[in-house]
Amino acid sequence: MNKITLPCAAVVCAAFTLMTQLSAQADTFGTSGNEFTVDFVNIGNTGNAADTTTYGAVPYEYRVSIYEISQDAITKATASGMANVTAGAWTGNQPAANINWYEAAAFVNFLNTSSGKTAAYDLTFNNASWSMALWSSEQAWKAGGTNLYRNKDAFYFLPSENEWYKASYYNAAETNYFLYPTASSSVPTAVASGTNAGTAVYNNAAAVPAIVDSAGGLGPYGTMGQGGNVWEWNESAADGSNSSSSEIRVFRGGSWGDTERDLRSSERIGVGPELEGDFLGFRVASVPEPSTYALFGIGAIGMLMVLRRKKTA
C-alpha cells in the first residue's frame, strides 16, 4: 500500500479550525419579538501562569462574550422583564453605556434567571439605587479561590479581572502575554470601525463608538473590542479581595477617544460601582456549555479516523 503523510501544518490548521468553530456559541434570551443573542467563545488553556503584573491566571475553563453588550440587548431585556437597568448613551448595536456596575450585574442576573438559572449577584433595588450583599462562604463561587461577589451556581457573570485579562492578552502559543488585546504587542492601527486584524477603535478615529460587531480586530481567543470602543467593567474589586459590596471596582480596555496607552495590559482604573459614563460599558462571561466538549470530542475523533485512513490507504 502507498502511505500518504498529511503535512503537519495542514493537520494543525484543520484541528484549529474545528476547535474555533465548536468553541463559539450563541445563547438566546428574551421573549418573543424581543429575542437577542450573546455570542460566546471558549477560553481554555487552564492553569496558565499570571502575567508579570500578577493578572491573568485562571485555573478553569470559561466563556467570554465575543462582543460588548449592545444597547439593543438592554432594550430587549427590558422589554422581556428586566427592571431598573438603564443605559442609553448610544443606540442600536452600539455598546450599552451610561451603565453602572450594579446595572451591568443586574443584566447578568437577568440572563441567569430568565433561563432558569441562579442569579450571580445578591442585588437589591430600593429608593432609585442599587446595593449588593455578599454571599456566604457556603454560597460563594470557589473556583480559583473564594469569590463572595459571585454565587457558586451562577451560569452567567461579569468577567473577573483575571478572566477578562486572560481573554484579552494571553498568548497561549508562547505561554506569555501580548501588550494589546489584538493578539499583538505592536500598537494597533486606529480605525473608526471594521474587523481587520491589528486594528482597534481608539484615538478619536471616530466621534462615537462603533457597533459592537465592527469594533476592530480580534484578540487571541476571538473576542472583539476588548481594546478601545468603550471601557469595560470587570467584576473584581480593585484590591482583588471582593470582601466589601461597595468597594472600588476595576474597569479596563480604553475607549474610542483614548490613546494606545489605555489599551495596554498595564492600564486599569478603579472607581466606585455607581459610576456611569458614555465611555463605559461591559461584556459578560459564562461557564462552558457541556455540549461544546461533547461536539469537540466527536469532531476530534472523526478527524483522527480520517487521517488514519489517509495514512494507511
# chains A, B, ... in the order shown; residues from 1 in each chain; ligands from 1
$ select_by_dssp --residues "segment 144-278 of chain A" --states "helix (DSSP H, G or I)" --output "CSV table (one decimal) with C-alpha atoms, in the first residue's frame"
chain,number,residue,atom,x,y,z
A,161,GLU,CA,-10.3,40.9,36.3
A,162,ASN,CA,-8.3,37.6,35.8
A,163,GLU,CA,-10.9,36.2,33.4
A,164,TRP,CA,-11.1,39.5,31.4
A,165,TYR,CA,-7.3,39.9,31.3
A,166,LYS,CA,-6.6,36.3,30.1
A,167,ALA,CA,-9.2,36.6,27.3
A,168,SER,CA,-7.7,39.9,26.3
A,169,TYR,CA,-4.0,39.3,26.4
A,212,VAL,CA,-20.1,46.0,18.7
A,213,ASP,CA,-19.5,43.6,15.9
A,214,SER,CA,-17.3,46.0,14.0
A,260,GLU,CA,-3.0,53.5,22.8
A,261,ARG,CA,-1.7,53.6,26.4
A,262,ASP,CA,-5.2,52.9,27.7
A,263,LEU,CA,-5.4,49.7,25.6
$ select_by_dssp --residues "segment 71-165 of chain A" --states "strand (DSSP E or B)" --output "MDAnalysis selection string"
chainID A and resid 95 118 122:126 129:133 140:141 147:151 154 156:157
$ write_last_selection --atoms "C-alpha atoms" --output "tab-separated table (two decimals), in the first residue's frame"
chain	number	residue	atom	x	y	z
A	95	PRO	CA	-22.33	49.37	23.10
A	118	THR	CA	-29.30	31.04	39.70
A	122	ASP	CA	-27.36	39.31	45.53
A	123	LEU	CA	-28.71	42.68	44.38
A	124	THR	CA	-31.40	44.94	45.83
A	125	PHE	CA	-33.00	47.97	44.17
A	126	ASN	CA	-34.55	50.44	46.58
A	129	SER	CA	-30.50	52.96	43.78
A	130	TRP	CA	-28.82	49.57	43.81
A	131	SER	CA	-26.99	47.76	46.58
A	132	MET	CA	-25.44	44.32	46.87
A	133	ALA	CA	-24.93	41.83	49.68
A	140	ALA	CA	-19.91	31.80	47.15
A	141	TRP	CA	-18.01	30.87	43.99
A	147	ASN	CA	-15.33	34.98	45.49
A	148	LEU	CA	-18.01	36.44	47.76
A	149	TYR	CA	-19.47	38.55	44.95
A	150	ARG	CA	-20.44	35.59	42.71
A	151	ASN	CA	-22.80	32.74	43.55
A	154	ALA	CA	-24.12	31.18	38.60
A	156	TYR	CA	-23.52	33.87	33.59
A	157	PHE	CA	-21.45	36.53	35.36
$ closest_residue --among "A:Asn100, A:Tyr62, A:Asn84, A:Thr52" --to "Phe40 of chain A" --atoms "only C-alpha atoms"
A:Tyr62
$ closest_residue --among "A:Gly116, A:Pro59, A:Gly30, A:Gly254" --to "Lys142 of chain A" --atoms "only C-alpha atoms"
A:Pro59
$ residues_around --residues "segment 109-113 of chain A" --least-positions-apart "4" --cutoff "7 Å" --atoms "only C-alpha atoms" --output "list of chain:residue names"
A:Phe29, A:Met82, A:Ala105, A:Lys117, A:Thr118, A:Ala119, A:Ala120, A:Tyr121, A:Phe155, A:Tyr156
